[in-house]
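K.L.:
Questions regarding the structure given below will be posed in turn.
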Amino acid sequence: MQALLYYDSHPESNFRVPSIVSALEKMELTSKDPRLTDFSESGEDLSSDDPEQEGAALDHRGSEVIELQNFSPASVDDIASVHARAYVSGLEKDSHPESNFRVPSIVSALEKMELTSKHRGSEVIELQNFSPASVDDIASVHARAYVSGLEKAMSEASEKGIIFIDGSGPTYATATTFQESLIAAGAGICLVDSVVAASRINKNPAVGFALIRPPGHHAVPKGPMGFCIFGNVAVAARHAQHAHGLKRVFIIDFDVHHGNGTNDAFYDDPDIFFLSTHQDGSYPGTGKINEVGHGSGEGTTLNLPLPGGSGDASMRSVFEEVIVPSAQRFKPDIILVSAGYDAHVLDPLASLQFTTGTYYMLASNIKQLAREMCGGRCVFFLEGGYNLQSLSYSVAESFRAFLGEPSLSSRFDDPSILYKEPSDKVKQAIQRVKHIHFL
């Protein structure tokens, strides 16, 4: 059994305010009490704290207590961040999908399913003491003018509380966004360092998983985009090359949205292979099948848009027919994964039909692929996933796969909500991308 490395908490942790809110809800001192559903192994409730995510609600205090949520920035990392909820009368706002509940929901699920170091000892190692990414680290991917400009904008954010920094998403920032984005990128760098060090003494090193916010794969070299500030996986890829001499980096992005920022960062780079599966026609509209790289990097970008309704069977075929042969031909020194969980059938922002079982399969197969191709060196980075319940369960299933334990997805997945996958269209897309890339 191999150890699993991941990053999350800080003494001034992301559990403090959610714990208070949970107590207020239980004591009926909020405006609403969500109807929750028991799906956990132990009978404990792992459902979302967000009534909009989970359905109908019962009124407690009505207009006596109004909950404001929309002032939390989409772009702030849960780690070492300050979370605020104000209870006043007169107005209620829904939360931004890239909310400050995402990482705490995952960590809570991991704890309740006994998948943390508290329960697993040295099998699961949580890394806490690491340095934020440096400006030089960020500038290995992003324009220095963008990095310095964002840092200067923090004074404006401090005065206004929250500022709008990109219309795509939209993406916001507060006074702490710059530093917290450095922390998020630093977590990925630290995990790369840890996995590489482990691979020198162990043929089957731990898999890394960066449980971080803000996500990164939409952030383009010249600026933020789509909830993303810095390209966490892209920064980690350059670090793997520069700090460890791992020349050939294979990046798999299975987020439901195309990772346009990562795509653009390495579009002409022959030493970084970027492979993205995403829903055809979804945000941000990039990632066409004929976008294959440019110049010396031609052929090291592979985009496979999947038709709406694609699910587990589709992704299994994609893995076997596209991902594996691409990796075998490229011969990577490390595999990095932009792990977006928003292709889940329950996610509100798209319409693919992945299940928790799909994510178990992907995690297990990618882990095995890394063992076969690059000494087990592999790090996952949290990207999307906006239904807190499906996000939490799917990440937990990924952890089970890393630990080599059987999937428990049948306890969570409901086959009755799935519909027939567009198998003919999926086959056509796979055959086309195989033809384009000579697979």
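Just remember, in the structure tokens the first chain shown is A, the second B, etc., residues are 1-based per chain, and ligands are 1-based in the order shown.
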Run DSSP on the backbone and tell me which residues of stretch 197-254 of chain A come out as helix (DSSP H, G or I); list them as a ChimeraX atom specification.
P.N.:
/A:197-199,232-244
K.L.:
Go through A:His437, A:Phe178, A:His242, A:Lys160 one by one, measure the shortest atom-to-atom distance of each to A:Arg329 using only C-alpha atoms, and give the residue with the smallest value.
P.N.:
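Checking each of A:His437, A:Phe178, A:His242, A:Lys160 against A:Arg329, counting only C-alpha atoms, the winner is A:His437.
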K.L.:
Which residue is closest to A:Pro224? Choose from A:Asp269, A:Asp424, A:Glu180, A:Asp166 and count only C-alpha atoms.
P.N.:
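Ranking A:Asp269, A:Asp424, A:Glu180, A:Asp166 by distance to A:Pro224, first place goes to A:Asp166.
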K.L.:
What is the atom CA of A:Lys118 to atom CA of A:Gln389 distance in Å?
P.N.:
22.1 Å
K.L.:
Identify all residues of stretch 349-396 of chain A in strand (DSSP E or B) (DSSP on the backbone) and supply them as a VMD selection string.
P.N.:
chain A and resid 353 to 354 378 to 382
K.L.:
Restrict the selected residues to N, CA and C atoms and save them as a short mmCIF file (atom, residue, chain, number, x, y, z; two decimals), in the first residue's frame.
P.N.:
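Everything below was put into result_9.cif:
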data_model
loop_
_atom_site.label_atom_id
_atom_site.label_comp_id
_atom_site.auth_asym_id
_atom_site.auth_seq_id
_atom_site.Cartn_x
_atom_site.Cartn_y
_atom_site.Cartn_z
N GLN A 353 -21.80 12.61 -18.59
CA GLN A 353 -22.41 11.64 -17.67
C GLN A 353 -21.37 10.80 -16.94
N PHE A 354 -20.26 11.43 -16.51
CA PHE A 354 -19.32 10.70 -15.69
C PHE A 354 -19.97 10.40 -14.34
N CYS A 378 3.58 10.98 -10.51
CA CYS A 378 2.27 11.47 -10.94
C CYS A 378 1.68 12.39 -9.88
N VAL A 379 1.17 13.54 -10.30
CA VAL A 379 0.52 14.48 -9.38
C VAL A 379 -0.78 14.96 -10.01
N PHE A 380 -1.87 14.90 -9.23
CA PHE A 380 -3.17 15.42 -9.63
C PHE A 380 -3.35 16.82 -9.07
N PHE A 381 -4.06 17.68 -9.81
CA PHE A 381 -4.36 19.04 -9.39
C PHE A 381 -5.86 19.25 -9.49
N LEU A 382 -6.49 19.68 -8.42
CA LEU A 382 -7.93 19.95 -8.46
C LEU A 382 -8.22 21.11 -9.39
#
K.L.:
As a ChimeraX atom specification, please: the residues near stretch 197-207 of chain A (cut-off 12 Å, only C-alpha atoms, same-chain neighbours under 5 positions excluded).
P.N.:
/A:1-6,122-126,190-192,240,243-244,333-337,363-364,366-381,398-404
K.L.:
Go ahead and save the picked residues with C-alpha atoms, as an mmCIF file, in the first residue's frame.
P.N.:
data_model
loop_
_atom_site.group_PDB
_atom_site.id
_atom_site.type_symbol
_atom_site.label_atom_id
_atom_site.label_comp_id
_atom_site.auth_asym_id
_atom_site.auth_seq_id
_atom_site.Cartn_x
_atom_site.Cartn_y
_atom_site.Cartn_z
ATOM 1 C CA MET A 1 0.000 0.000 0.000
ATOM 2 C CA GLN A 2 1.517 3.308 -1.067
ATOM 3 C CA ALA A 3 1.311 6.604 0.722
ATOM 4 C CA LEU A 4 -0.879 9.333 -0.752
ATOM 5 C CA LEU A 5 0.400 12.890 -0.532
ATOM 6 C CA TYR A 6 -1.968 15.802 -0.459
ATOM 7 C CA SER A 122 1.737 6.783 6.847
ATOM 8 C CA GLU A 123 -0.438 5.574 3.947
ATOM 9 C CA VAL A 124 -1.775 9.078 3.529
ATOM 10 C CA ILE A 125 0.571 11.995 4.188
ATOM 11 C CA GLU A 126 -0.679 15.537 4.407
ATOM 12 C CA CYS A 190 5.914 20.858 -3.298
ATOM 13 C CA LEU A 191 4.030 17.741 -4.373
ATOM 14 C CA VAL A 192 6.179 17.408 -7.491
ATOM 15 C CA ALA A 240 9.600 19.528 -12.972
ATOM 16 C CA ALA A 243 14.370 21.712 -10.913
ATOM 17 C CA HIS A 244 14.453 17.975 -11.570
ATOM 18 C CA ASP A 333 9.269 11.491 -17.350
ATOM 19 C CA ILE A 334 6.295 12.548 -15.196
ATOM 20 C CA ILE A 335 2.501 12.695 -15.563
ATOM 21 C CA LEU A 336 0.522 15.677 -14.273
ATOM 22 C CA VAL A 337 -3.268 15.680 -14.197
ATOM 23 C CA ALA A 363 -7.367 7.595 -11.127
ATOM 24 C CA SER A 364 -6.563 3.886 -11.057
ATOM 25 C CA ILE A 366 -3.513 6.912 -14.641
ATOM 26 C CA LYS A 367 -1.671 5.632 -11.577
ATOM 27 C CA GLN A 368 -0.889 2.391 -13.410
ATOM 28 C CA LEU A 369 0.111 4.290 -16.553
ATOM 29 C CA ALA A 370 2.567 6.367 -14.503
ATOM 30 C CA ARG A 371 4.066 3.205 -13.030
ATOM 31 C CA GLU A 372 4.583 1.749 -16.491
ATOM 32 C CA MET A 373 5.860 4.918 -18.182
ATOM 33 C CA CYS A 374 7.720 7.094 -15.668
ATOM 34 C CA GLY A 375 8.505 5.335 -12.413
ATOM 35 C CA GLY A 376 5.141 6.164 -10.865
ATOM 36 C CA ARG A 377 5.749 9.927 -10.829
ATOM 37 C CA CYS A 378 2.273 11.475 -10.942
ATOM 38 C CA VAL A 379 0.523 14.483 -9.377
ATOM 39 C CA PHE A 380 -3.173 15.419 -9.631
ATOM 40 C CA PHE A 381 -4.357 19.045 -9.388
ATOM 41 C CA SER A 398 -9.754 8.847 -6.562
ATOM 42 C CA PHE A 399 -8.055 8.453 -3.186
ATOM 43 C CA ARG A 400 -9.340 4.874 -2.946
ATOM 44 C CA ALA A 401 -7.847 4.162 -6.351
ATOM 45 C CA PHE A 402 -4.481 5.592 -5.300
ATOM 46 C CA LEU A 403 -4.547 3.402 -2.182
ATOM 47 C CA GLY A 404 -5.329 0.330 -4.254
#
K.L.:
Set the distance at 9 Å and use only C-alpha atoms: which residues neighbour A:Pro305 once local chain neighbours fewer than 6 positions away are removed? I'd like the list as an MDAnalysis selection string.
P.N.:
chainID A and resid 258 276:281 287:289 429
K.L.:
Can you measure atom CA of A:Phe274 to atom CA of A:Ile251 for me? One decimal in Å is fine.
P.N.:
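Distance between the two atoms: 4.9 Å.
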